[in-house]
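See below for the structure under consideration.
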Amino acid sequence: MSDTPTPPPDDDEPPAPRPGTMRPDDLPPEIVAEAKRIAKEQFTSEMTQVLSTTPRPINWRTLPPHDLERELLELNQWVDWLRHTYGLPAQVIPPMWHRHPELLWELSALRQHWLFCFDPAAKGNQALAWHHDFAVARERLRDWVTISGTRLDRDRPTRITAWPGGEPEGWEPPDVTERPVTKRSEDFVAFVAEQVAARKAEQEAVIGHIVGSETNDRGER
């Protein structure tokens with residue numbers, strides 16, 4: 001038996017394949033080319049799917065009931081994160097923001113912009129761009145809160161100035177009675193249920209109108 005120590009393996013050399021293991025070099029060139037083609041197609045497909053999820057503006061007037069509920073819940077979670085992360089006072093984001101369309105639309109736009117700027121495919125300077133726009137949006141939010149009249153401990157619907165002879169038939173101004181803010185989370189849940197029910201009623205009315213029109217057309221024929 002030799003006392004000569006066995007030299008350590010060279011880290012620069014790949015480990016020797018185990019007996020019976022097939023290496024890429026052992027495969028026919030056409031098989032290797034086909035495997036590379038399939039892998040490239042799968043990678044391209046996956047990247048296309050990721051990049052196609054770019055956030056888009058949300059039109060709250062046209063969302064179907066299910067999407068409306070989901071988007072409201074996600075927006076509420078994001079707004080809660082935003083106010084805690086940046087220490088925003090009620091003068092910027094009040095508890096009852098969801099009851100004021102002008103605040104809902106502004107915060108929704110800000111969230112979609114944030115999702116776009118912090119997307120994995122976004123450029124490195126997009127975070128700075130969002131913070132710049134965030135500073136501008138905070139000033140607008142202050143204006144909206146001042147106009148709406150909602151506060152930390154009380155809330156009332158935003159006043160709407162009626163135009164003489166310019167309002168639709170049957171339109172009535174909102175009741176602007178102030179109410180105390182005590183159970184904000186419960187109010188938000190009730191708000192979502194109200195909005196979803198109203199959107200379902202709108203959909204059913206449109207479907208009923210279409211079905212009625214088609215039925216009348218067949219009857220006339």
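Ordering of the structure tokens sets the chain letters (A, B, ...), residue numbers begin anew at 1 in every chain, and ligands are numbered from 1 in the order given.
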
Each residue of segment 57-136 of chain A lying at most 10 Å from segment 149-173 of chain A should get a row with its shortest atom-to-atom pair and the distance in Å to one decimal, counting only C-alpha atoms; could you produce that, ordered by chain and increasing number, as a tab-separated table?
residue	atom	partner	partner_atom	distance
A:Pro89	CA	A:Leu152	CA	8.7
A:Ala90	CA	A:Leu152	CA	5.6
A:Gln91	CA	A:Arg151	CA	7.2
A:Val92	CA	A:Arg151	CA	9.9
A:Ile93	CA	A:Leu152	CA	9.0
A:Pro94	CA	A:Leu152	CA	5.7
A:Pro95	CA	A:Leu152	CA	6.2
A:Met96	CA	A:Asp155	CA	7.0
A:Trp97	CA	A:Thr150	CA	8.0
A:Arg99	CA	A:Pro157	CA	7.2
A:His100	CA	A:Thr158	CA	6.6
A:Pro101	CA	A:Thr158	CA	8.8
A:Glu102	CA	A:Thr158	CA	9.0

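Taking only segment 61-202 of chain A, the residues that DSSP calls strand (DSSP E or B) from the backbone come to A:Arg154, A:Asp155, A:Arg179, A:Pro180.
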
For Cys117 of chain A, which residue among A:Thr54, A:Thr146, A:Gly208, A:Ala198 is the nearest when counting only C-alpha atoms?
->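 Closest candidate: A:Thr54.
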
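Shortest separation to Val196 of chain A among A:Arg142, A:Lys36, A:Arg70, A:His84 occurs at residue A:Arg70, atoms counted being only C-alpha atoms.
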
So which residues touch segment 74-78 of chain A within 9 Å, counting only C-alpha atoms, skipping near sequence neighbours fewer than 4 positions away, as a ChimeraX atom specification?
-> /A:69-70,82-83,98,104,107-108,111,188

For those residues, write N, CA and C atoms to a file as a compact mmCIF listing (two decimals), in the first residue's frame.
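And here's again.txt as it stands now:
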# COMPACT_ATOMS: atom_id res chain seq x y z
N GLU A 69 -65.79 43.81 -6.75
CA GLU A 69 -65.53 43.41 -5.37
C GLU A 69 -64.05 43.16 -5.14
N ARG A 70 -63.42 42.42 -6.05
CA ARG A 70 -62.00 42.09 -5.89
C ARG A 70 -61.14 43.35 -5.89
N LEU A 82 -50.32 51.90 2.44
CA LEU A 82 -49.74 53.20 2.08
C LEU A 82 -49.75 54.16 3.26
N ARG A 83 -50.89 54.25 3.95
CA ARG A 83 -50.99 55.22 5.04
C ARG A 83 -50.10 54.83 6.23
N HIS A 98 -63.44 55.64 0.98
CA HIS A 98 -64.19 54.81 0.05
C HIS A 98 -65.58 55.37 -0.24
N LEU A 104 -61.60 57.82 -4.15
CA LEU A 104 -61.45 56.45 -4.65
C LEU A 104 -60.74 56.44 -5.99
N LEU A 107 -56.95 57.54 -5.50
CA LEU A 107 -56.14 56.50 -4.87
C LEU A 107 -55.99 55.29 -5.78
N SER A 108 -57.01 54.98 -6.54
CA SER A 108 -56.92 53.87 -7.48
C SER A 108 -55.87 54.15 -8.55
N ARG A 111 -52.46 53.77 -7.05
CA ARG A 111 -52.08 52.36 -6.85
C ARG A 111 -51.66 51.71 -8.17
N PHE A 188 -66.74 49.77 5.56
CA PHE A 188 -66.16 49.43 4.26
C PHE A 188 -66.78 48.15 3.72

Which distance in Å separates atom CA of Ala121 of chain A and atom CA of Pro57 of chain A, to one decimal?
->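 So the two atoms, atom CA of Ala121 of chain A and atom CA of Pro57 of chain A, lie 17.8 Å apart.
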
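Of note, atom CA of Leu103 of chain A and atom CA of Val145 of chain A are spaced 7.7 Å apart.
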
Point-to-point distance in Å for atom CA of Asp175 of chain A and atom CA of Leu141 of chain A =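 That distance, rounded to one decimal, is 22.6 Å.
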
Shell around Pro65 of chain A at 12 Å using only C-alpha atoms, local window under 3 positions removed, as a ChimeraX atom specification | /A:60-62,68-72,192-204

Output of the above residues as a PDB file, in the first residue's frame, restricted to N, CA and C atoms:
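result.pdb, freshly written:
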ATOM      1  N   TRP A  60     -63.896  52.205 -12.851  1.00  0.00           N
ATOM      2  CA  TRP A  60     -64.830  51.733 -11.830  1.00  0.00           C
ATOM      3  C   TRP A  60     -66.277  51.742 -12.318  1.00  0.00           C
ATOM      4  N   ARG A  61     -66.555  52.417 -13.405  1.00  0.00           N
ATOM      5  CA  ARG A  61     -67.932  52.496 -13.899  1.00  0.00           C
ATOM      6  C   ARG A  61     -68.341  51.248 -14.681  1.00  0.00           C
ATOM      7  N   THR A  62     -67.361  50.489 -15.168  1.00  0.00           N
ATOM      8  CA  THR A  62     -67.687  49.376 -16.058  1.00  0.00           C
ATOM      9  C   THR A  62     -67.282  48.012 -15.524  1.00  0.00           C
ATOM     10  N   LEU A  68     -65.402  44.077  -9.536  1.00  0.00           N
ATOM     11  CA  LEU A  68     -65.581  45.256  -8.686  1.00  0.00           C
ATOM     12  C   LEU A  68     -65.266  44.929  -7.226  1.00  0.00           C
ATOM     13  N   GLU A  69     -65.787  43.814  -6.746  1.00  0.00           N
ATOM     14  CA  GLU A  69     -65.531  43.411  -5.365  1.00  0.00           C
ATOM     15  C   GLU A  69     -64.053  43.160  -5.136  1.00  0.00           C
ATOM     16  N   ARG A  70     -63.418  42.416  -6.051  1.00  0.00           N
ATOM     17  CA  ARG A  70     -62.003  42.087  -5.890  1.00  0.00           C
ATOM     18  C   ARG A  70     -61.138  43.345  -5.895  1.00  0.00           C
ATOM     19  N   GLU A  71     -61.394  44.250  -6.822  1.00  0.00           N
ATOM     20  CA  GLU A  71     -60.577  45.454  -6.925  1.00  0.00           C
ATOM     21  C   GLU A  71     -60.760  46.369  -5.719  1.00  0.00           C
ATOM     22  N   LEU A  72     -61.978  46.454  -5.194  1.00  0.00           N
ATOM     23  CA  LEU A  72     -62.201  47.277  -4.009  1.00  0.00           C
ATOM     24  C   LEU A  72     -61.440  46.725  -2.807  1.00  0.00           C
ATOM     25  N   VAL A 192     -68.794  47.810   0.142  1.00  0.00           N
ATOM     26  CA  VAL A 192     -68.510  46.861  -0.942  1.00  0.00           C
ATOM     27  C   VAL A 192     -69.770  46.092  -1.315  1.00  0.00           C
ATOM     28  N   ALA A 193     -70.511  45.627  -0.315  1.00  0.00           N
ATOM     29  CA  ALA A 193     -71.751  44.891  -0.581  1.00  0.00           C
ATOM     30  C   ALA A 193     -72.755  45.765  -1.333  1.00  0.00           C
ATOM     31  N   GLU A 194     -72.850  47.030  -0.962  1.00  0.00           N
ATOM     32  CA  GLU A 194     -73.762  47.949  -1.654  1.00  0.00           C
ATOM     33  C   GLU A 194     -73.365  48.137  -3.109  1.00  0.00           C
ATOM     34  N   GLN A 195     -72.071  48.337  -3.334  1.00  0.00           N
ATOM     35  CA  GLN A 195     -71.596  48.576  -4.698  1.00  0.00           C
ATOM     36  C   GLN A 195     -71.792  47.353  -5.589  1.00  0.00           C
ATOM     37  N   VAL A 196     -71.510  46.174  -5.053  1.00  0.00           N
ATOM     38  CA  VAL A 196     -71.674  44.940  -5.839  1.00  0.00           C
ATOM     39  C   VAL A 196     -73.145  44.709  -6.160  1.00  0.00           C
ATOM     40  N   ALA A 197     -74.025  44.924  -5.178  1.00  0.00           N
ATOM     41  CA  ALA A 197     -75.463  44.748  -5.413  1.00  0.00           C
ATOM     42  C   ALA A 197     -75.969  45.733  -6.462  1.00  0.00           C
ATOM     43  N   ALA A 198     -75.507  46.977  -6.390  1.00  0.00           N
ATOM     44  CA  ALA A 198     -75.928  47.978  -7.370  1.00  0.00           C
ATOM     45  C   ALA A 198     -75.431  47.630  -8.769  1.00  0.00           C
ATOM     46  N   ARG A 199     -74.206  47.125  -8.876  1.00  0.00           N
ATOM     47  CA  ARG A 199     -73.671  46.757 -10.189  1.00  0.00           C
ATOM     48  C   ARG A 199     -74.402  45.553 -10.764  1.00  0.00           C
ATOM     49  N   LYS A 200     -74.770  44.591  -9.917  1.00  0.00           N
ATOM     50  CA  LYS A 200     -75.552  43.448 -10.387  1.00  0.00           C
ATOM     51  C   LYS A 200     -76.914  43.915 -10.904  1.00  0.00           C
ATOM     52  N   ALA A 201     -77.526  44.853 -10.203  1.00  0.00           N
ATOM     53  CA  ALA A 201     -78.818  45.379 -10.651  1.00  0.00           C
ATOM     54  C   ALA A 201     -78.673  46.082 -11.994  1.00  0.00           C
ATOM     55  N   GLU A 202     -77.576  46.820 -12.190  1.00  0.00           N
ATOM     56  CA  GLU A 202     -77.330  47.474 -13.469  1.00  0.00           C
ATOM     57  C   GLU A 202     -77.188  46.450 -14.586  1.00  0.00           C
ATOM     58  N   GLN A 203     -76.424  45.392 -14.318  1.00  0.00           N
ATOM     59  CA  GLN A 203     -76.234  44.347 -15.327  1.00  0.00           C
ATOM     60  C   GLN A 203     -77.553  43.681 -15.689  1.00  0.00           C
ATOM     61  N   GLU A 204     -78.341  43.349 -14.681  1.00  0.00           N
ATOM     62  CA  GLU A 204     -79.620  42.692 -14.929  1.00  0.00           C
ATOM     63  C   GLU A 204     -80.555  43.599 -15.718  1.00  0.00           C
TER      64      GLU A 204
END

Using DSSP on the backbone, list every residue of segment 38-181 of chain A that comes out as alpha helix (DSSP H), and give them as a ChimeraX atom specification.
-> /A:38-51,65-86,101-117,126-148

Spatial neighbours of Trp114 of chain A, 10 Å, only C-alpha atoms, chain gap at least 6 places, as a PyMOL selection string = chain A and resi 55+108+126-127+129-131+133-134

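Candidate residues A:Ala122, A:Ile38, A:Val79, A:Ile210 were compared for distance to Ala109 of chain A, and the nearest is A:Val79, using only C-alpha atoms.
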